[in-house]
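run-v6.tsv (TSV, C-alpha atoms)
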```
chain	number	residue	atom	x	y	z
A	126	MET	CA	58.75	100.13	109.37
A	127	THR	CA	57.79	103.77	109.59
A	128	GLN	CA	60.21	106.37	110.93
A	129	THR	CA	58.13	106.57	114.11
A	130	GLU	CA	58.37	102.80	114.60
A	131	VAL	CA	62.12	102.81	114.10
A	132	ALA	CA	62.56	105.73	116.49
A	133	GLY	CA	60.45	103.94	119.10
A	134	ALA	CA	62.45	100.73	118.70
A	135	VAL	CA	65.71	102.59	119.09
A	136	GLY	CA	64.53	104.81	121.94
A	137	ILE	CA	64.99	108.22	120.31
A	138	GLY	CA	62.62	110.91	119.07
A	139	ALA	CA	60.98	110.51	115.66
A	140	ASP	CA	62.15	113.99	114.56
A	141	TRP	CA	65.74	113.19	115.49
A	142	TYR	CA	65.63	109.86	113.67
A	143	ALA	CA	64.23	111.61	110.59
A	144	ARG	CA	67.25	113.95	110.65
A	145	ILE	CA	69.60	110.97	110.94
A	146	GLU	CA	67.93	109.19	108.04
A	147	SER	CA	68.07	112.29	105.84
A	148	GLY	CA	71.76	112.83	106.62
A	149	GLU	CA	71.21	116.08	108.54
A	150	ALA	CA	72.44	114.65	111.87
A	151	ARG	CA	74.81	111.99	113.17
A	152	CYS	CA	73.94	109.49	115.86
A	153	SER	CA	75.97	108.16	118.74
A	154	LEU	CA	77.78	104.84	118.50
A	155	LYS	CA	75.29	103.20	120.86
A	156	THR	CA	72.37	104.44	118.76
A	157	LEU	CA	74.10	103.13	115.64
A	158	ALA	CA	74.40	99.71	117.28
A	159	VAL	CA	70.67	99.60	118.01
A	160	LEU	CA	69.79	100.92	114.55
A	161	ARG	CA	71.93	98.25	112.91
A	162	ARG	CA	70.05	95.49	114.69
A	163	THR	CA	66.61	97.09	114.31
A	164	LEU	CA	66.99	97.62	110.56
A	165	GLN	CA	69.22	94.58	110.02
A	166	ALA	CA	71.66	96.84	108.19
A	167	ASP	CA	75.23	96.03	107.22
A	168	ALA	CA	77.43	98.03	109.59
A	169	ASN	CA	80.46	97.63	107.31
A	170	ALA	CA	78.57	99.36	104.49
A	171	LEU	CA	77.28	102.05	106.85
A	172	LEU	CA	80.78	102.94	108.00
A	173	LYS	CA	82.15	102.95	104.45
A	174	ALA	CA	79.34	105.31	103.43
A	175	LEU	CA	80.71	107.91	105.86
A	176	ASP	CA	83.82	108.07	103.64
A	177	GLN	CA	86.14	108.57	106.62
A	178	ARG	CA	89.47	107.28	105.33
A	179	SER	CA	92.44	106.62	107.60
A	180	LYS	CA	95.94	107.76	106.74
A	181	GLN	CA	98.37	105.25	105.29
A	182	VAL	CA	100.80	103.89	107.88
A	183	GLU	CA	103.62	101.37	107.70
A	184	SER	CA	103.57	98.04	109.52
A	185	THR	CA	106.36	96.86	111.78
A	186	ALA	CA	107.35	93.52	113.21
A	187	PHE	CA	107.69	95.19	116.63
A	188	ALA	CA	104.03	96.17	116.83
A	189	GLY	CA	103.33	93.94	119.83
A	190	ILE	CA	105.98	95.43	122.10
A	191	GLU	CA	103.78	98.26	123.38
A	192	ASP	CA	100.63	96.17	123.67
A	193	PRO	CA	98.41	96.71	126.71
A	194	LEU	CA	98.89	93.89	129.20
A	195	HIS	CA	95.16	93.56	129.79
A	196	THR	CA	91.84	95.30	129.20
A	197	SER	CA	89.78	96.45	132.10
A	198	GLY	CA	87.46	99.20	130.87
A	199	SER	CA	83.67	99.28	130.90
A	200	TYR	CA	83.64	98.54	127.17
A	201	GLU	CA	86.08	95.64	127.24
A	202	GLU	CA	83.80	93.28	125.32
A	203	PHE	CA	83.34	95.89	122.60
A	204	SER	CA	87.00	96.87	122.30
A	205	ARG	CA	88.52	93.41	122.10
A	206	ALA	CA	88.31	93.34	118.28
A	207	PHE	CA	90.75	96.23	117.86
A	208	ARG	CA	93.93	94.67	119.26
A	209	PRO	CA	93.88	91.42	117.19
A	210	ALA	CA	93.11	93.42	114.04
A	211	ARG	CA	95.96	95.82	114.80
A	212	LEU	CA	98.45	93.02	115.46
A	213	GLU	CA	97.42	91.19	112.30
A	214	LYS	CA	98.36	94.27	110.31
A	215	GLN	CA	101.51	94.72	112.46
A	216	LEU	CA	100.63	98.25	113.49
A	217	THR	CA	101.67	99.98	116.69
A	218	LEU	CA	99.37	101.96	118.97
A	219	SER	CA	101.07	105.13	117.78
A	220	SER	CA	100.63	104.34	114.09
A	221	VAL	CA	96.93	103.55	114.46
A	222	ALA	CA	96.40	106.74	116.44
A	223	GLU	CA	98.15	108.70	113.69
A	224	ALA	CA	96.09	106.95	111.01
A	225	VAL	CA	92.75	107.84	112.59
A	226	GLY	CA	93.75	111.31	113.78
A	227	CYS	CA	93.79	111.03	117.57
A	228	SER	CA	96.37	110.92	120.33
A	229	LYS	CA	98.08	107.68	121.29
A	230	SER	CA	96.67	107.95	124.83
A	231	TYR	CA	93.11	108.28	123.56
A	232	TYR	CA	93.42	105.34	121.18
A	233	TYR	CA	94.90	103.34	124.07
A	234	CYS	CA	91.71	104.10	126.03
A	235	VAL	CA	89.60	102.92	123.09
A	236	GLU	CA	91.58	99.70	122.61
A	237	THR	CA	91.47	98.87	126.34
A	238	GLY	CA	87.74	99.52	126.62
A	239	ARG	CA	87.98	102.69	128.69
A	240	SER	CA	86.39	104.93	126.05
A	241	LEU	CA	84.05	104.52	123.10
A	242	PRO	CA	85.10	106.06	119.79
A	243	SER	CA	82.78	108.35	117.90
A	244	VAL	CA	81.05	106.96	114.82
A	245	LEU	CA	83.46	108.91	112.60
A	246	MET	CA	86.47	107.56	114.46
A	247	LEU	CA	85.04	104.05	114.24
A	248	ALA	CA	84.75	104.50	110.48
A	249	ARG	CA	88.43	105.46	110.30
A	250	LEU	CA	89.40	102.52	112.52
A	251	HIS	CA	87.35	100.24	110.28
A	252	ASP	CA	89.21	101.54	107.23
A	253	CYS	CA	92.57	101.15	108.98
A	254	LEU	CA	92.13	97.78	110.71
A	255	GLY	CA	89.50	96.02	108.58
A	256	PHE	CA	87.50	94.33	111.38
A	257	ASP	CA	83.91	93.11	111.04
A	258	ALA	CA	81.82	96.07	112.18
A	259	ASN	CA	78.66	93.95	112.49
A	260	GLN	CA	80.24	91.69	115.09
A	261	LEU	CA	81.76	94.68	116.84
A	262	LEU	CA	78.45	96.51	117.22
A	263	GLU	CA	76.76	93.27	118.29
A	264	GLU	CA	79.06	93.32	121.33
A	265	LEU	CA	77.98	96.88	122.12
A	266	GLU	CA	74.28	96.00	122.25
A	267	PRO	CA	74.11	94.48	125.76
A	268	LEU	CA	76.36	97.05	127.43
A	269	ASN	CA	73.54	99.32	128.55
A	270	PRO	CA	70.49	97.19	129.33
A	271	ASP	CA	68.64	100.22	130.73
A	272	ARG	CA	69.23	102.27	127.59
A	273	CYS	CA	65.65	102.17	126.35
A	274	HIS	CA	62.19	101.56	127.70
A	275	LEU	CA	60.45	98.20	127.61
A	276	GLY	CA	58.41	99.03	124.52
A	277	ALA	CA	61.52	99.94	122.53
A	278	TYR	CA	63.14	96.68	123.60
A	279	ILE	CA	60.10	94.68	122.44
A	280	ALA	CA	60.03	96.62	119.15
A	281	ARG	CA	63.68	95.77	118.53
A	282	ALA	CA	63.03	92.10	119.26
A	283	ARG	CA	60.10	92.16	116.83
A	284	ALA	CA	62.22	93.76	114.11
A	285	LYS	CA	64.92	91.14	114.63
A	286	LYS	CA	62.33	88.39	114.13
A	287	THR	CA	60.87	90.27	111.11
A	288	THR	CA	57.47	90.05	112.77
A	289	THR	CA	54.86	92.62	111.72
A	290	ILE	CA	53.00	94.80	114.19
A	291	ALA	CA	49.75	93.05	113.26
A	292	GLU	CA	51.27	89.63	113.96
A	293	ALA	CA	52.67	90.77	117.31
A	294	ALA	CA	49.35	92.33	118.30
A	295	GLY	CA	47.51	89.16	117.37
A	296	ALA	CA	49.89	87.02	119.38
A	297	ALA	CA	49.60	89.33	122.39
A	298	GLY	CA	45.81	89.27	122.18
A	299	CYS	CA	45.34	93.02	121.84
A	300	SER	CA	44.45	95.50	119.12
A	301	ILE	CA	47.09	97.00	116.83
A	302	GLU	CA	46.55	100.40	118.49
A	303	GLN	CA	47.06	98.87	121.94
A	304	TYR	CA	50.19	97.08	120.80
A	305	GLN	CA	51.60	100.23	119.21
A	306	SER	CA	51.11	102.05	122.51
A	307	ILE	CA	53.26	99.34	124.16
A	308	GLU	CA	56.11	99.81	121.68
A	309	ALA	CA	55.82	103.59	121.99
A	310	GLY	CA	56.17	103.34	125.76
A	311	ALA	CA	52.72	104.83	126.38
A	312	ARG	CA	51.64	101.82	128.43
A	313	LEU	CA	53.13	98.69	129.93
A	314	PRO	CA	51.97	95.29	128.67
A	315	THR	CA	50.00	93.10	131.03
A	316	CYS	CA	51.68	89.99	132.39
A	317	VAL	CA	49.73	87.86	129.93
A	318	GLU	CA	50.66	90.11	126.98
A	319	LEU	CA	54.31	90.10	128.02
A	320	ALA	CA	54.33	86.30	128.34
A	321	ARG	CA	52.76	85.89	124.92
A	322	LEU	CA	55.19	88.34	123.32
A	323	HIS	CA	58.08	86.57	125.03
A	324	ARG	CA	56.93	83.29	123.52
A	325	LEU	CA	56.60	84.88	120.06
A	326	LEU	CA	59.74	87.01	119.98
A	327	SER	CA	62.11	84.99	122.22
A	328	PHE	CA	63.66	88.04	123.88
A	329	ASN	CA	65.59	87.94	127.16
A	330	ALA	CA	62.91	88.43	129.84
A	331	ASN	CA	65.44	89.53	132.45
A	332	HIS	CA	66.77	92.27	130.20
A	333	ALA	CA	63.24	93.24	129.18
A	334	LEU	CA	62.01	93.73	132.73
A	335	ARG	CA	65.02	95.88	133.55
A	336	ARG	CA	63.66	98.44	131.05
A	337	ILE	CA	60.76	99.25	133.38
A	338	ASP	CA	61.51	102.43	135.31
A	339	LEU	CA	60.07	101.51	138.70
A	340	GLU	CA	60.72	104.97	140.13
A	341	ARG	CA	58.38	106.53	137.58
A	342	LEU	CA	55.52	104.12	138.29
A	343	GLY	CA	52.84	105.54	140.55
A	344	ASP	CA	50.48	103.62	142.81
A	345	GLU	CA	47.93	103.49	140.01
A	346	ASP	CA	50.42	101.80	137.68
A	347	ASP	CA	51.45	99.36	140.41
A	348	ASN	CA	47.82	98.37	140.97
A	349	LYS	CA	47.35	97.82	137.26
```

So that I can check it, write out the structure of this file as structure tokens.
Amino acid sequence: MTQTEVAGAVGIGADWYARIESGEARCSLKTLAVLRRTLQADANALLKALDQRSKQVESTAFAGIEDPLHTSGSYEEFSRAFRPARLEKQLTLSSVAEAVGCSKSYYYCVETGRSLPSVLMLARLHDCLGFDANQLLEELEPLNPDRCHLGAYIARARAKKTTTIAEAAGAAGCSIEQYQSIEAGARLPTCVELARLHRLLSFNANHALRRIDLERLGDEDDNK
């Protein structure tokens, strides 16, 4: 994939993605989750490459005493890996917060799904708790179904299937240039093209259609 194709699949600008790839800029955690799936990268290796080490802390048999009773934040599905990993290492909320360099109250918000950590903080948590970052970021993927436009969603589904642009264009029954304009968000696919791409790439049609910004569609687009 070219940098432009990756940027389109992720839903960010090509210039910004080029800066991320060259190490001149950091991305958000949500962007990292989409990049991981698009490029089929190992999130554990990506976090280790940041070289964000946590401080050494001692375990205690009383780690579970101050556990949250339940999780109720917007990111509950994402955060549920932290608590089991912390308890397995017999660490308290306070000790993990100290290890990763944040306040106990903020880490509590992260563990209960009320806040998302930064990528750097996630790297420190990964070093401290040893969870599977791939599975963790997989849970973050569906949290914002309106994050990117339809073309970016289709591009991500194509990358996951390791289907080439030429193969996708052929299946959709359009030229490569026309297909690229779909992934870039320059035009919407026709119903027939969308149905054919759905059959080829097996994406969630409900999630895909939610990427269409109806408020931005004019009468001309509706008629098309």

Excluding stretch 171-175 of chain A and any residue of its chain fewer than 5 positions from it, enumerate the residues within 8 Å of it, using all atoms listed in the file, and give them as number ranges by chain.
-> A: 166, 244-245, 247-248, 251-252

Quick one: residues within 10 Å of A:Gly238, only C-alpha atoms counted, chain neighbours fewer than 3 positions away excluded, as number ranges by chain?
-> A: 196-205, 207, 232-235, 241-242

For the residues selected in the previous step, produce a file with C-alpha atoms as a PDB file, in the frame of the given file.
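After the write, part_36.pdb holds the following:
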```pdb
ATOM      1  CA  THR A 196      91.840  95.300 129.200  1.00  0.00           C
ATOM      2  CA  SER A 197      89.780  96.450 132.100  1.00  0.00           C
ATOM      3  CA  GLY A 198      87.460  99.200 130.870  1.00  0.00           C
ATOM      4  CA  SER A 199      83.670  99.280 130.900  1.00  0.00           C
ATOM      5  CA  TYR A 200      83.640  98.540 127.170  1.00  0.00           C
ATOM      6  CA  GLU A 201      86.080  95.640 127.240  1.00  0.00           C
ATOM      7  CA  GLU A 202      83.800  93.280 125.320  1.00  0.00           C
ATOM      8  CA  PHE A 203      83.340  95.890 122.600  1.00  0.00           C
ATOM      9  CA  SER A 204      87.000  96.870 122.300  1.00  0.00           C
ATOM     10  CA  ARG A 205      88.520  93.410 122.100  1.00  0.00           C
ATOM     11  CA  PHE A 207      90.750  96.230 117.860  1.00  0.00           C
ATOM     12  CA  TYR A 232      93.420 105.340 121.180  1.00  0.00           C
ATOM     13  CA  TYR A 233      94.900 103.340 124.070  1.00  0.00           C
ATOM     14  CA  CYS A 234      91.710 104.100 126.030  1.00  0.00           C
ATOM     15  CA  VAL A 235      89.600 102.920 123.090  1.00  0.00           C
ATOM     16  CA  LEU A 241      84.050 104.520 123.100  1.00  0.00           C
ATOM     17  CA  PRO A 242      85.100 106.060 119.790  1.00  0.00           C
TER      18      PRO A 242
END
```

Please provide as an NGL selection string all residues within 10 Å of A:Gln181, with the sequence filter that same-chain residues fewer than 6 positions apart are discarded (counting only C-alpha atoms).
-> :A and (220-221 or 223-225 or 253)

To one decimal place, how far is atom CA of A:Leu334 from atom CA of A:Leu275 in Å?
->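 Those two atoms sit 7.0 Å apart.
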
From the list A:Cys299, A:Ala222, A:Ile307, A:Ile290, which residue is nearest A:Leu250 when using all atoms listed in the file?
-> A:Ala222

Shortest contact to A:Met126, candidates A:His323, A:Arg144, A:Arg151, A:Arg281, atoms counted all atoms listed in the file, goes to A:Arg281

Which is closer to A:Lys214 than all the others in A:Val182, A:Cys316, A:Ala293, A:Ile337, using all atoms listed in the file?
->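 Between A:Val182, A:Cys316, A:Ala293, A:Ile337, the residue approaching A:Lys214 most closely is A:Val182.
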
Name the closest residue to A:His274 among the candidates A:Ala158, A:Ala150, A:Ile145, A:Ile137; distances are taken between atoms, counting only C-alpha atoms.
-> A:Ile137

Restricting the calculation to all atoms listed in the file, which member of A:Lys285, A:Glu263, A:Arg324, A:Leu218 is positioned closest to A:Tyr231?
->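 The closest residue to A:Tyr231 is A:Leu218.
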
Determine, counting all atoms listed in the file, every residue of protein, DNA or RNA that lies within 10 Å of (54.0, 85.4, 122.4) in the file coordinates, then give the result as a list of chain:residue names.
-> A:Glu292, A:Ala293, A:Ala294, A:Gly295, A:Ala296, A:Ala297, A:Gly298, A:Val317, A:Glu318, A:Leu319, A:Ala320, A:Arg321, A:Leu322, A:His323, A:Arg324, A:Leu325, A:Leu326, A:Ser327

Generate the output file for the selected residues, C-alpha atoms, as an mmCIF file, in the coordinates of the input.
```cif
data_model
loop_
_atom_site.group_PDB
_atom_site.id
_atom_site.type_symbol
_atom_site.label_atom_id
_atom_site.label_comp_id
_atom_site.auth_asym_id
_atom_site.auth_seq_id
_atom_site.Cartn_x
_atom_site.Cartn_y
_atom_site.Cartn_z
ATOM 1 C CA GLU A 292 51.270 89.630 113.960
ATOM 2 C CA ALA A 293 52.670 90.770 117.310
ATOM 3 C CA ALA A 294 49.350 92.330 118.300
ATOM 4 C CA GLY A 295 47.510 89.160 117.370
ATOM 5 C CA ALA A 296 49.890 87.020 119.380
ATOM 6 C CA ALA A 297 49.600 89.330 122.390
ATOM 7 C CA GLY A 298 45.810 89.270 122.180
ATOM 8 C CA VAL A 317 49.730 87.860 129.930
ATOM 9 C CA GLU A 318 50.660 90.110 126.980
ATOM 10 C CA LEU A 319 54.310 90.100 128.020
ATOM 11 C CA ALA A 320 54.330 86.300 128.340
ATOM 12 C CA ARG A 321 52.760 85.890 124.920
ATOM 13 C CA LEU A 322 55.190 88.340 123.320
ATOM 14 C CA HIS A 323 58.080 86.570 125.030
ATOM 15 C CA ARG A 324 56.930 83.290 123.520
ATOM 16 C CA LEU A 325 56.600 84.880 120.060
ATOM 17 C CA LEU A 326 59.740 87.010 119.980
ATOM 18 C CA SER A 327 62.110 84.990 122.220
#
```

Between atom CA of A:Ala277 and atom CA of A:Ala132 - distance in Å to one decimal =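 Between these atoms lies a distance of 8.4 Å.
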
Residue among A:Gly136, A:Lys155, A:Glu302, A:Asp176 lying closest to A:Leu265, counting only C-alpha atoms |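 That would be A:Lys155, the residue with the smallest distance to A:Leu265.
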
State, in Å with one decimal place, the distance from atom CA of A:Ala168 to atom CA of A:Gly138.
-> 21.8 Å
